[in-house]
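Q: This is the structure, below, for whatever I ask next.
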Amino acid sequence: MSEAGNEHKRRASLSPQPQRRAPRLAAGRARALGLPTRGTTNANRLRRVDRWLVATQVPRLRDSARPLVVDLGYGSSAVTTLELVDRLGPEVDGLEVVGLEIDPERVTAVAADRDPPRVDFRLGGFELAGLQPVLVRAFNVLRQYDEESAARAWDTMRDALAPGGLIVEGTCDEWGRRSAWVALDAGGPLTLTLAARVSDIGTPSDLAERLPKALIHHNVPGQPVHEFLRAFDACWAAAAGMSTFGPRQRWVAAVEALGEQGWPLVGSSRRWRHGEVTVRWSAVAPT
C-alpha cells in the first residue's frame with residue numbers, strides 16, 4: 001500500500017479511549033477529539049433534519065433550564081449553524097447554539113457571525129468542548145471513520161450530554177435531498193430516520209448510501225436494516241398506483257403499509273408527507 005493509502009487509513013481511525021473515566025473539563029479547555037472533515041457546506045443542506053428537530057425536539061429544549069444546542073462540525077462556513085438558530089430560535093426562548101469545529105482556521109473564519117449567547121463558535125470535537133448540551137446535531141462528521149471509531153465517537157458524545165439530552169447523528173448528500181440519521185441518548189441509539197425529496201428517488205433503498213456508519217456496512221442479506229429496506233421497496237412497488245397523485249402520496253402509502261406489516265414506526269404520520277419515516281433502532285440494529 002502506498003504512503004498516501006496508509007495515511008488515509010490512519011486518519012480514518014480514532015485511538016481507543018482509556019478505560020478510566022476522563023475528568024470533567026471546563027468549556028473551552030477540553031482536548032478536541034476527531035479529525036477535520038472536508039468542510040463541504042451548502043445553504044439549506046440540513047433542512048430535512050432541522051425540520052425534524054423543530055417537529056420533535058422543541059419540548060425537550062423548552063423543558064431545559066439551559067436550552068443549549070451543539071452543532072458539531074459545521075464546516076467551512078457558518079451557514080448551516082445560523083440556519084439552525086433561525087429555525088429553532090422562534091420556538092425556544094433563551095436558545096443557545098454553539099458551533100464546534102476541530103479546525104482552528106474554520107473557527108477564526110466565522111468570528112464575524114458570533115453573537116453570544118444566542119450563537120457562538122468554538123474549537124472542539126467529539127468531547128463537545130466540555131459543554132453539556134441538551135441537543136447535538138452531528139451531521140456528515142463520521143463517514144470518514146471506521147465503524148469501531150464511529151462507535152467510540154458516539155460514546156464520547158453521549159458522556160458529554162446534559163441529563164435528558166439527545167444526539168442526532170447522520171449524513172446527507174451535498175444538496176440535502178437524501179438524508180438518514182440516528183437519534184441516541186445517554187443509553188444508546190433510539191431510532192433511525194430516513195428522509196428524502198421523494199421525487200428524487202427511484203426506490204426507498206436508494207437512501208442506503210446515506211445510512212449512518214453504524215449501519216451502512218450491515219446492509220447485506222440477513223441483517224435487519226437490509227430486511228427493512230427490502231420491505232420498504234416492496235411496499236413502494238405495491239403503492240405504484242398512488243403515483244397518479246404524486247410521489248409523496250406514494251411514499252405515504254408505502255410507509256403506512258410498512259406499519260401494517262409490523263415494523264415499529266415512531267412519531268406522527270404527518271411527518272410521512274415530508275418524505276420521512278422513523279423506525280425504532282431495535283428493529284434495524286446489526287445482529
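In the C-alpha cells, chains take the letters A, B, ... in the order shown, each chain's residues start at 1, and ligands count up from 1 in the order shown.
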If you run DSSP on the backbone here, which positions in range 71-253 of chain A get strand (DSSP E)? Please write them as number ranges by chain.
A: A: 71-72, 96-101, 119-123, 135-139, 166-172, 178-185, 188-196
Q: For the residues in the current selection, export C-alpha atoms as a short mmCIF file (atom, residue, chain, number, x, y, z; two decimals), in the first residue's frame.
A:
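part.cif, written as the output of this step:
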data_model
loop_
_atom_site.label_atom_id
_atom_site.label_comp_id
_atom_site.auth_asym_id
_atom_site.auth_seq_id
_atom_site.Cartn_x
_atom_site.Cartn_y
_atom_site.Cartn_z
CA ASP A 71 -23.72 21.88 16.04
CA LEU A 72 -20.72 19.62 15.64
CA GLU A 96 -28.10 28.91 22.73
CA VAL A 97 -26.37 27.31 19.75
CA VAL A 98 -22.63 26.63 19.73
CA GLY A 99 -20.95 25.53 16.52
CA LEU A 100 -17.87 23.37 17.09
CA GLU A 101 -15.03 22.74 14.64
CA VAL A 119 -24.88 31.77 18.68
CA ASP A 120 -21.19 31.14 19.20
CA PHE A 121 -18.37 29.20 17.53
CA ARG A 122 -15.59 27.35 19.33
CA LEU A 123 -12.83 24.83 18.85
CA LEU A 135 -29.21 18.58 21.83
CA VAL A 136 -26.33 17.76 19.47
CA ARG A 137 -26.58 17.85 15.70
CA ALA A 138 -23.63 15.91 14.27
CA PHE A 139 -24.05 15.65 10.52
CA LEU A 166 -30.16 13.78 22.69
CA ILE A 167 -27.70 13.36 19.82
CA VAL A 168 -28.82 13.36 16.18
CA GLU A 169 -26.05 11.85 14.05
CA GLY A 170 -26.34 11.22 10.35
CA THR A 171 -25.42 12.03 6.80
CA CYS A 172 -26.92 13.65 3.73
CA ARG A 178 -31.29 12.38 0.72
CA SER A 179 -30.68 12.02 4.45
CA ALA A 180 -30.54 9.45 7.21
CA TRP A 181 -29.91 9.90 10.91
CA VAL A 182 -29.89 8.12 14.24
CA ALA A 183 -31.25 9.65 17.45
CA LEU A 184 -29.43 8.48 20.57
CA ASP A 185 -29.42 9.43 24.22
CA GLY A 188 -27.72 4.42 23.29
CA PRO A 189 -29.48 4.57 19.91
CA LEU A 190 -33.26 5.04 19.87
CA THR A 191 -34.43 5.48 16.28
CA LEU A 192 -33.38 5.61 12.63
CA THR A 193 -34.94 8.20 10.33
CA LEU A 194 -34.83 8.23 6.54
CA ALA A 195 -35.77 11.43 4.72
CA ALA A 196 -35.75 12.40 1.07
#
Q: Among range 55-212 of chain A, which ones does DSSP assign to alpha helix (DSSP H) (computed from the backbone)? Answer as an MDAnalysis selection string.
A: chainID A and resid 55:56 58:62 79:88 104:109 147:160
Q: Would you mind reading off the distance between CA of Thr41 in chain A and CA of Ala109 in chain A, one decimal, in Å?
A: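 Result for CA of Thr41 in chain A versus CA of Ala109 in chain A: 13.6 Å, one decimal.
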Q: Tell me, in Å to one decimal, how far CA of Leu265 in chain A is from CA of Thr287 in chain A.
A: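 That distance, rounded to one decimal, is 19.5 Å.
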Q: Please measure the separation of CA of Arg51 in chain A and CA of Arg87 in chain A, giving the value in Å to one decimal.
A: 7.8 Å
Q: Find the residues around Gly222 in chain A up to 10 Å (only C-alpha atoms counted), leave out those fewer than 4 positions away in its own chain, and share them as number ranges by chain.
A: A: 218, 226-227, 286-287
